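As provided, data.cif (mmCIF, C-alpha atoms and all ligand atoms) reads as follows.
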```
data_start
loop_
_atom_site.label_atom_id
_atom_site.label_comp_id
_atom_site.auth_asym_id
_atom_site.auth_seq_id
_atom_site.Cartn_x
_atom_site.Cartn_y
_atom_site.Cartn_z
CA MET J 1 -41.55 -59.30 35.63
CA ASP J 2 -41.92 -62.45 37.69
CA GLU J 3 -42.35 -65.15 35.07
CA GLY J 4 -44.68 -67.23 37.18
CA ARG J 5 -46.90 -64.32 38.19
CA PHE J 6 -49.46 -64.73 35.44
CA SER J 7 -49.04 -68.48 35.11
CA VAL J 8 -52.17 -70.09 33.65
CA SER J 9 -51.99 -73.81 34.52
CA ALA J 10 -49.78 -76.32 32.81
CA GLN J 11 -50.78 -75.73 29.22
CA PHE J 12 -49.00 -75.23 25.95
CA ARG J 13 -48.54 -71.52 25.52
CA VAL J 14 -48.70 -69.31 22.49
CA ALA J 15 -45.42 -68.14 20.96
CA PRO J 16 -45.43 -64.58 19.63
CA LEU J 17 -45.01 -64.29 15.89
CA PHE J 18 -41.27 -64.52 15.31
CA CYS J 19 -41.01 -62.82 11.93
CA ARG J 20 -42.11 -59.27 11.17
CA PRO J 21 -44.80 -59.72 8.50
CA TRP J 22 -44.42 -56.23 6.98
CA THR J 23 -40.79 -56.92 6.10
CA LEU J 24 -41.43 -60.03 4.01
CA ASN J 25 -40.95 -60.05 0.27
CA GLY J 26 -43.88 -61.55 -1.63
CA ILE J 27 -45.60 -62.99 1.44
CA SER J 28 -48.17 -60.51 2.66
CA PRO J 29 -49.07 -59.64 6.25
CA ARG J 30 -52.60 -60.80 5.43
CA LEU J 31 -51.34 -64.30 4.61
CA ILE J 32 -49.15 -64.50 7.71
CA GLU J 33 -51.94 -63.15 9.96
CA SER J 34 -54.42 -65.68 8.66
CA HIS J 35 -51.88 -68.50 8.94
CA TYR J 36 -50.84 -67.54 12.45
CA GLU J 37 -54.33 -66.95 13.79
CA HIS J 38 -56.37 -69.62 12.04
CA ASN J 39 -53.92 -72.49 11.56
CA TYR J 40 -51.22 -72.11 14.22
CA GLY J 41 -53.74 -70.73 16.71
CA ALA J 42 -56.25 -73.47 15.98
CA ALA J 43 -53.60 -76.19 16.44
CA LEU J 44 -52.52 -74.70 19.76
CA THR J 45 -56.06 -74.24 21.07
CA ARG J 46 -57.05 -77.75 20.06
CA LEU J 47 -53.80 -79.11 21.54
CA ASN J 48 -54.71 -77.66 24.91
CA ALA J 49 -58.28 -78.96 24.64
CA VAL J 50 -57.09 -82.49 23.81
CA THR J 51 -54.48 -82.34 26.56
CA ARG J 52 -57.14 -81.32 29.09
CA GLU J 53 -59.33 -84.15 27.84
CA LEU J 54 -56.47 -86.60 28.35
CA GLU J 55 -55.76 -85.26 31.82
CA GLY J 56 -59.36 -85.89 32.79
CA ILE J 57 -59.56 -89.37 31.36
CA ASP J 58 -60.13 -92.38 33.59
CA PHE J 59 -57.76 -94.90 32.05
CA GLY J 60 -59.54 -97.70 33.87
CA ILE J 61 -62.78 -96.98 32.04
CA ALA J 62 -61.88 -95.35 28.73
CA THR J 63 -61.70 -97.60 25.68
CA PRO J 64 -58.28 -98.27 24.13
CA GLN J 65 -59.60 -96.76 20.89
CA ALA J 66 -60.52 -93.49 22.62
CA ILE J 67 -57.15 -93.27 24.37
CA GLY J 68 -55.28 -94.09 21.14
CA ARG J 69 -57.23 -91.50 19.15
CA LEU J 70 -56.64 -88.74 21.69
CA LYS J 71 -52.93 -89.47 22.01
CA ARG J 72 -52.49 -89.51 18.22
CA GLU J 73 -54.38 -86.25 17.97
CA GLN J 74 -52.29 -84.69 20.72
CA ILE J 75 -49.00 -85.57 19.00
CA ASP J 76 -50.34 -84.34 15.66
CA LEU J 77 -51.37 -81.01 17.18
CA LEU J 78 -48.20 -80.60 19.22
CA ASN J 79 -46.05 -81.16 16.15
CA SER J 80 -48.22 -78.80 14.10
CA THR J 81 -47.75 -76.16 16.81
CA LEU J 82 -43.99 -76.65 17.00
CA LEU J 83 -43.49 -76.72 13.23
CA HIS J 84 -45.61 -73.63 12.68
CA GLU J 85 -43.50 -71.75 15.24
CA LEU J 86 -40.40 -72.88 13.37
CA TYR J 87 -41.94 -71.86 10.05
CA PHE J 88 -42.60 -68.30 11.24
CA ALA J 89 -39.11 -68.22 12.74
CA SER J 90 -37.63 -69.28 9.40
CA LEU J 91 -38.86 -66.11 7.64
CA GLY J 92 -37.64 -62.54 7.82
CA GLY J 93 -34.27 -62.52 6.05
CA ASP J 94 -33.15 -61.95 2.49
CA GLY J 95 -32.75 -65.68 1.76
CA ARG J 96 -29.36 -65.15 0.19
CA THR J 97 -26.73 -64.33 2.78
CA LEU J 98 -25.69 -67.44 4.68
CA PRO J 99 -23.47 -66.70 7.68
CA GLU J 100 -20.22 -68.65 7.74
CA VAL J 101 -21.06 -71.35 10.29
CA ILE J 102 -24.30 -72.51 8.68
CA ALA J 103 -22.82 -72.16 5.18
CA ASN J 104 -19.93 -74.44 6.18
CA ALA J 105 -22.25 -76.97 7.84
CA ILE J 106 -24.49 -77.13 4.77
CA THR J 107 -21.48 -77.45 2.48
CA ARG J 108 -20.14 -80.28 4.67
CA ASP J 109 -23.38 -82.26 4.53
CA PHE J 110 -24.77 -81.38 1.08
CA ARG J 111 -21.58 -80.76 -0.98
CA SER J 112 -22.55 -77.11 -1.56
CA VAL J 113 -25.16 -74.55 -0.62
CA SER J 114 -26.54 -74.62 -4.16
CA HIS J 115 -26.85 -78.43 -4.03
CA TRP J 116 -28.69 -78.14 -0.71
CA ARG J 117 -30.99 -75.51 -2.21
CA GLN J 118 -31.73 -77.72 -5.24
CA GLU J 119 -32.58 -80.68 -3.02
CA PHE J 120 -34.73 -78.64 -0.62
CA ILE J 121 -36.72 -77.07 -3.48
CA ALA J 122 -37.08 -80.44 -5.26
CA LEU J 123 -38.53 -81.96 -2.08
CA ALA J 124 -40.99 -79.07 -1.81
CA GLU J 125 -42.00 -79.39 -5.47
CA ALA J 126 -42.54 -83.11 -4.94
CA LEU J 127 -45.03 -82.29 -2.19
CA ALA J 128 -46.91 -79.70 -4.27
CA GLY J 129 -50.64 -80.41 -4.25
CA ASP J 130 -50.28 -82.58 -1.16
CA ALA J 131 -49.84 -81.41 2.40
CA GLY J 132 -46.77 -81.56 4.61
CA TRP J 133 -43.52 -79.99 5.64
CA ILE J 134 -40.02 -79.68 4.23
CA LEU J 135 -37.49 -79.50 7.03
CA LEU J 136 -33.77 -78.98 7.40
CA THR J 137 -32.97 -81.04 10.49
CA TYR J 138 -29.88 -81.57 12.60
CA VAL J 139 -29.34 -85.17 13.73
CA PRO J 140 -27.24 -85.30 16.95
CA ARG J 141 -26.61 -89.06 16.51
CA ASP J 142 -24.44 -88.38 13.48
CA CYS J 143 -23.69 -84.68 13.99
CA ARG J 144 -25.09 -83.88 10.58
CA LEU J 145 -27.85 -82.06 8.76
CA ILE J 146 -30.47 -83.72 6.59
CA ASN J 147 -33.35 -82.45 4.47
CA GLN J 148 -36.59 -84.24 5.10
CA SER J 149 -40.04 -84.28 3.61
CA ALA J 150 -42.95 -85.01 5.93
CA SER J 151 -46.38 -85.72 4.51
CA ASP J 152 -48.03 -84.79 7.79
CA HIS J 153 -47.17 -83.22 11.14
CA THR J 154 -45.97 -86.41 12.78
CA GLN J 155 -43.13 -87.55 10.58
CA SER J 156 -40.32 -85.78 12.35
CA ILE J 157 -36.98 -87.53 12.68
CA ALA J 158 -36.66 -89.13 16.13
CA GLY J 159 -34.10 -87.17 18.11
CA GLY J 160 -33.66 -84.73 15.22
CA ILE J 161 -33.80 -80.97 15.73
CA PRO J 162 -35.45 -79.12 12.83
CA ILE J 163 -33.87 -75.71 12.24
CA LEU J 164 -35.72 -74.57 9.10
CA ALA J 165 -39.31 -75.36 8.11
CA LEU J 166 -41.31 -74.81 4.93
CA ASP J 167 -45.06 -75.26 5.34
CA MET J 168 -46.50 -76.99 2.25
CA TYR J 169 -50.09 -77.09 3.47
CA GLU J 170 -52.42 -75.28 1.10
CA HIS J 171 -53.43 -72.77 3.77
CA ALA J 172 -49.82 -71.50 3.78
CA TYR J 173 -50.06 -70.05 0.25
CA HIS J 174 -53.41 -70.51 -1.42
CA ILE J 175 -54.99 -67.15 -0.68
CA GLU J 176 -52.02 -65.45 -2.31
CA TYR J 177 -50.62 -67.90 -4.83
CA GLY J 178 -53.57 -70.14 -5.66
CA PRO J 179 -52.22 -73.43 -6.98
CA ASN J 180 -48.86 -71.87 -7.98
CA THR J 181 -46.67 -73.68 -5.46
CA THR J 182 -43.51 -72.93 -7.48
CA ALA J 183 -44.00 -69.20 -6.88
CA TYR J 184 -44.74 -69.80 -3.19
CA ILE J 185 -41.62 -71.96 -2.72
CA ALA J 186 -39.51 -69.27 -4.44
CA ALA J 187 -41.02 -66.63 -2.15
CA PHE J 188 -40.19 -68.75 0.90
CA MET J 189 -36.61 -69.23 -0.26
CA ARG J 190 -36.04 -65.51 -0.72
CA ASN J 191 -37.33 -64.77 2.77
CA ILE J 192 -35.28 -67.28 4.75
CA ASP J 193 -33.73 -65.71 7.81
CA TRP J 194 -30.34 -67.43 7.73
CA ALA J 195 -29.09 -65.66 10.82
CA SER J 196 -31.84 -67.29 12.88
CA VAL J 197 -31.27 -70.66 11.16
CA GLU J 198 -27.60 -70.41 12.13
CA ALA J 199 -28.50 -69.51 15.72
CA ARG J 200 -30.72 -72.60 15.93
CA TYR J 201 -27.93 -74.70 14.38
CA ASN J 202 -25.51 -73.42 17.03
CA ASP J 203 -28.01 -74.47 19.72
CA ALA J 204 -28.63 -77.86 18.10
CA VAL J 205 -24.96 -78.86 17.93
CA LYS J 206 -24.74 -78.49 21.70
CA VAL J 207 -27.13 -81.44 22.07
CA ALA J 208 -25.11 -84.54 22.87
CA PRO J 209 -25.55 -87.62 20.69
CA PRO J 210 -27.37 -90.59 22.21
CA ARG J 211 -25.16 -92.25 24.80
CA PRO J 212 -22.93 -94.88 23.21
CA LEU J 213 -22.45 -98.32 24.71
CA GLN J 214 -20.00 -97.98 27.60
CA GLN J 215 -17.76 -100.93 28.38
CA SER J 216 -15.98 -99.62 31.44
CA GLU J 217 -14.26 -102.94 32.14
CA PHE J 218 -12.48 -102.64 28.77
CA LYS J 219 -11.96 -98.89 28.70
CA ASP J 220 -8.21 -99.32 28.22
CA VAL J 221 -8.60 -101.67 25.26
CA PRO J 222 -8.79 -99.84 21.92
CA SER J 223 -11.76 -100.60 19.71
CA ILE J 224 -12.51 -100.20 16.03
CA THR J 225 -15.88 -99.94 14.28
CA ALA J 226 -17.12 -102.49 11.77
CA GLU J 227 -17.13 -99.75 9.12
CA GLU J 228 -13.46 -98.97 9.82
CA VAL J 229 -12.53 -102.65 9.47
CA GLN J 230 -14.42 -102.78 6.19
CA GLY J 231 -12.51 -99.68 5.07
CA MET J 232 -9.15 -101.29 5.97
CA LEU J 233 -10.00 -104.39 3.93
CA ALA J 234 -11.28 -102.35 0.99
CA SER J 235 -8.13 -100.23 0.88
CA GLY J 236 -5.90 -103.31 1.01
CA GLN J 237 -4.37 -102.23 4.30
CA PRO J 238 -2.72 -105.24 5.97
CA VAL J 239 -4.77 -106.38 8.95
CA GLN J 240 -5.11 -109.66 10.83
CA ILE J 241 -8.77 -110.28 11.64
CA ILE J 242 -9.34 -112.95 14.27
CA ASP J 243 -12.81 -114.32 14.97
CA THR J 244 -12.71 -115.37 18.63
CA ARG J 245 -16.30 -116.42 19.07
CA PRO J 246 -16.42 -119.13 21.74
CA ARG J 247 -16.08 -122.70 20.52
CA HIS J 248 -19.58 -123.66 21.71
CA TYR J 249 -20.99 -120.81 19.64
CA SER J 250 -18.82 -121.32 16.59
CA THR J 251 -19.91 -124.95 16.23
CA ARG J 252 -23.38 -123.71 15.27
CA ALA J 253 -22.28 -120.58 13.41
CA GLN J 254 -23.01 -120.65 9.72
CA ASP J 255 -20.88 -117.82 8.50
CA ILE J 256 -17.68 -115.95 9.27
CA VAL J 257 -16.39 -112.52 8.29
CA ASP J 258 -14.76 -112.81 4.89
CA GLY J 259 -11.11 -112.10 5.58
CA ALA J 260 -11.15 -113.41 9.17
CA VAL J 261 -9.82 -116.64 10.64
CA TRP J 262 -11.44 -118.34 13.62
CA ARG J 263 -9.28 -119.04 16.65
CA ASP J 264 -10.38 -120.63 19.91
CA PRO J 265 -10.26 -117.85 22.52
CA GLU J 266 -9.49 -120.40 25.22
CA ARG J 267 -6.33 -121.53 23.43
CA LEU J 268 -4.84 -118.13 22.76
CA ASP J 269 -1.41 -119.33 23.89
CA GLU J 270 -1.41 -121.89 21.10
CA TRP J 271 -2.07 -119.49 18.23
CA ILE J 272 -0.61 -116.19 19.42
CA GLY J 273 2.72 -117.21 17.89
CA THR J 274 1.20 -117.28 14.40
CA LEU J 275 0.39 -113.58 14.51
CA SER J 276 2.64 -110.85 13.16
CA LYS J 277 3.53 -107.72 15.06
CA GLU J 278 4.01 -105.91 11.75
CA ALA J 279 0.29 -105.51 11.07
CA PRO J 280 -2.62 -104.53 13.33
CA VAL J 281 -4.80 -107.25 14.80
CA VAL J 282 -8.60 -106.98 15.09
CA THR J 283 -10.48 -109.47 17.25
CA PHE J 284 -14.18 -109.86 17.69
CA CYS J 285 -16.78 -112.14 19.23
CA VAL J 286 -20.53 -112.50 18.75
CA TYR J 287 -21.81 -109.15 20.02
CA GLY J 288 -18.61 -107.45 21.13
CA PHE J 289 -19.11 -107.61 24.88
CA HIS J 290 -16.54 -109.94 26.37
CA ILE J 291 -14.48 -112.53 24.53
CA GLY J 292 -13.32 -110.31 21.66
CA CYS J 293 -12.36 -107.59 24.14
CA GLN J 294 -10.52 -110.04 26.39
CA SER J 295 -8.62 -111.45 23.41
CA ALA J 296 -7.66 -107.95 22.25
CA ALA J 297 -6.55 -107.09 25.80
CA ALA J 298 -4.38 -110.21 26.00
CA LEU J 299 -2.83 -109.52 22.60
CA LYS J 300 -2.22 -105.88 23.48
CA ALA J 301 -0.50 -106.97 26.71
CA ALA J 302 1.70 -109.24 24.60
CA GLY J 303 2.83 -106.27 22.52
CA PHE J 304 0.51 -106.51 19.52
CA ASP J 305 -1.25 -103.54 17.95
CA ALA J 306 -4.58 -105.14 18.84
CA ARG J 307 -8.12 -103.84 19.13
CA TYR J 308 -11.60 -105.31 19.27
CA MET J 309 -14.33 -104.72 16.74
CA ALA J 310 -17.22 -102.99 18.52
CA GLY J 311 -20.52 -104.83 18.09
CA GLY J 312 -18.72 -108.01 17.04
CA HIS J 313 -19.95 -110.40 14.36
CA TYR J 314 -23.47 -108.97 14.37
CA ALA J 315 -22.34 -105.38 13.80
CA TRP J 316 -20.45 -106.71 10.77
CA LYS J 317 -23.61 -108.48 9.61
CA ALA J 318 -25.69 -105.36 10.25
CA ILE J 319 -23.55 -103.29 7.87
CA LYS J 320 -23.78 -106.14 5.33
CA GLY J 321 -20.06 -106.78 5.52
CA PRO J 322 -19.06 -109.76 3.37
CA VAL J 323 -19.17 -113.17 5.01
CA LYS J 324 -18.28 -116.63 3.84
CA LEU J 325 -19.39 -120.11 4.84
CA PHE J 326 -17.91 -121.11 8.18
CA GLU J 327 -16.34 -124.54 7.71
FE FE X 401 -49.50 -74.01 8.24
#
```

Could I get this structure in the form of structure tokens?
Amino acid sequence: MDEGRFSVSAQFRVAPLFCRPWTLNGISPRLIESHYEHNYGAALTRLNAVTRELEGIDFGIATPQAIGRLKREQIDLLNSTLLHELYFASLGGDGRTLPEVIANAITRDFRSVSHWRQEFIALAEALAGDAGWILLTYVPRDCRLINQSASDHTQSIAGGIPILALDMYEHAYHIEYGPNTTAYIAAFMRNIDWASVEARYNDAVKVAPPRPLQQSEFKDVPSITAEEVQGMLASGQPVQIIDTRPRHYSTRAQDIVDGAVWRDPERLDEWIGTLSKEAPVVTFCVYGFHIGCQSAAALKAAGFDARYMAGGHYAWKAIKGPVKLFE
């Protein structure tokens, strides 16, 4: 069928119920039907109403308060819609059998599947009596999974991709479990559809991390992260750390990386002879854009195992690397 044939304007569309309610164990079709129709459906309907209202707004006349309220409401309803769809798509399995890929990913990021399970359930228990969501989310920035608790619809991780959702709003369980959230959480856990969670994980890992800083002019100069330098120092690995912040900057600098020596980048010829070729050299400047890279490039050209510390002095400060008074 032509997908656009029955197109009904640019609105948010209903997603068919993903799980098969009659197959669930301890969660009745009645509960799912009510949840899908009255809560998911209401969020979607209201989302479209608010969106239409926003589309018709005259931004030159409307008050900032009215615009702010509508936009907040729209985001709240959109997230409620998305998370409900994920919730229904999280159910329908036996909760026990984790396929290999998702089992390995969870073990990598949570030590073990049982540790993940403990944490996920503990987060849900902590939300009992309140409203919100418990999510297993993939974070492309760090290529890892994290459990999160959200006390409303809008607390999703920026750039994160939730792949499993537990609805902790009262409407998700009350007609069947009353206040017994422990029984509801257990029922959710034994209905997780791990095959679909794994499929969503496989989709999520294809999302590229946010673009890193590109320094094309120094693409041939090796770099090292502040965390790696910290690791080298902590492990006692020999390394020569040279602070090459410009003289005009260093005269007003108050601190210096503990373990580094300052050298004037404009007088590299005078101090290059004091360096050893037996141990790696790390140079850095204030933010990591120019001087530290140029110094590393010059040292590399002279035959040293040299690299620049990405992000410079401030990356070191940002990770709370130890500093000492700059005298
Ligand atoms: Fe819900």

**Report entry** Which residue of J:Leu82, J:Gln294, J:Phe326, J:Gly288 approaches Pro265 (chain J) most closely, using all atoms listed in the file
**Finding:** J:Gln294

Report task. List all protein, DNA and RNA residues that have at least one atom no more than 8 Å from any atom of ligand FE 401 (chain X), counting only C-alpha atoms and all ligand atoms, and write them as a PyMOL selection string. Result -> chain J and resi 35-36+39-40+80+84+167-172

Report task. Work out how far apart CA of Ala165 (chain J) and CA of Arg96 (chain J) are and give it in Å to one decimal. Result -> 16.3 Å

Requested in this report: Please provide as a ChimeraX atom specification all residues within 10 Å of Pro238 (chain J), with the sequence filter that same-chain residues fewer than 5 positions apart are discarded (counting only C-alpha atoms).
Outcome: /J:232-233,278-281

Query raised in the report: So which one's closest to Pro179 (chain J), J:Gly259, J:Pro209, J:Gly129, J:Pro222? Using only C-alpha atoms, please.
Result: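 Answer, going by the shortest atom-to-atom distance: J:Gly129.
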
**Report entry** One-decimal distance in Å that lies between CA of Asp258 (chain J) and CA of Gly321 (chain J)
**Finding:**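 About the pair CA of Gly321 (chain J) and CA of Asp258 (chain J): they are 8.1 Å apart.
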
Requested in this report: Could you give me, as a PyMOL selection string, the residues that sit within 12 Å of (-33.1, -81.6, 21.8) in the file's coordinates, counting all atoms listed in the file?
Outcome: chain J and resi 137-141+157-163+200-201+203-210

Query raised in the report: Neighbours of region 92-95 of chain J within 7 Å (all atoms listed in the file; same-chain residues fewer than 2 positions away dropped), as a PyMOL selection string?
Result: chain J and resi 19-20+23-24+90+97+189-194

Query raised in the report: Nearest to Ala297 (chain J) among J:Tyr249, J:Phe218, J:Phe18, J:Trp116, with distances taken over only C-alpha atoms: which residue is it?
Result: J:Phe218

Extract, using only C-alpha atoms, all DNA, RNA and protein residues at most 9 Å from Val101 (chain J), discarding same-chain residues fewer than 2 positions from it, and format them as an mmCIF file with C-alpha atoms, keeping the file's coordinate frame.
```cif
data_model
loop_
_atom_site.group_PDB
_atom_site.id
_atom_site.type_symbol
_atom_site.label_atom_id
_atom_site.label_comp_id
_atom_site.auth_asym_id
_atom_site.auth_seq_id
_atom_site.Cartn_x
_atom_site.Cartn_y
_atom_site.Cartn_z
ATOM 1 C CA LEU J 98 -25.690 -67.440 4.680
ATOM 2 C CA PRO J 99 -23.470 -66.700 7.680
ATOM 3 C CA ALA J 103 -22.820 -72.160 5.180
ATOM 4 C CA ASN J 104 -19.930 -74.440 6.180
ATOM 5 C CA ALA J 105 -22.250 -76.970 7.840
ATOM 6 C CA ILE J 106 -24.490 -77.130 4.770
ATOM 7 C CA GLU J 198 -27.600 -70.410 12.130
ATOM 8 C CA TYR J 201 -27.930 -74.700 14.380
ATOM 9 C CA ASN J 202 -25.510 -73.420 17.030
#
```

Query raised in the report: Between J:Leu299, J:Ala226, J:Ile256, J:Ile272, which is the closest to Lys324 (chain J) once you count only C-alpha atoms?
Result: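 Comparing J:Leu299, J:Ala226, J:Ile256, J:Ile272 against Lys324 (chain J), the winner is J:Ile256.
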
Report task. List the neighbours of Ala315 (chain J) out to 10 Å using all atoms listed in the file; skip same-chain residues closer than 5 positions along the sequence, and give me the result as a ChimeraX atom specification. Result -> /J:225-227,286-288,309-310,320-321

Query raised in the report: Quick one: distance from CA of Leu135 (chain J) to CA of Phe12 (chain J) in Å, one decimal?
Result: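 That distance, rounded to one decimal, is 22.6 Å.
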
Report task. Find the residues around Trp133 (chain J) up to 9 Å (all atoms listed in the file counted), leave out those fewer than 6 positions away in its own chain, and share them as a ChimeraX atom specification. Result -> /J:83,124,127,148-153,165-169

Report task. May I ask which of the residues J:Arg108, J:His290, J:His174, J:Lys71 is the closest one to Ile146 (chain J), counting all atoms listed in the file? Result -> J:Arg108

Query - Counting only C-alpha atoms, the residue of J:Gly312, J:Arg72, J:Pro29, J:Gln65 that sits nearest Leu47 (chain J) - result: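 Closest to Leu47 (chain J), using only C-alpha atoms: J:Arg72.
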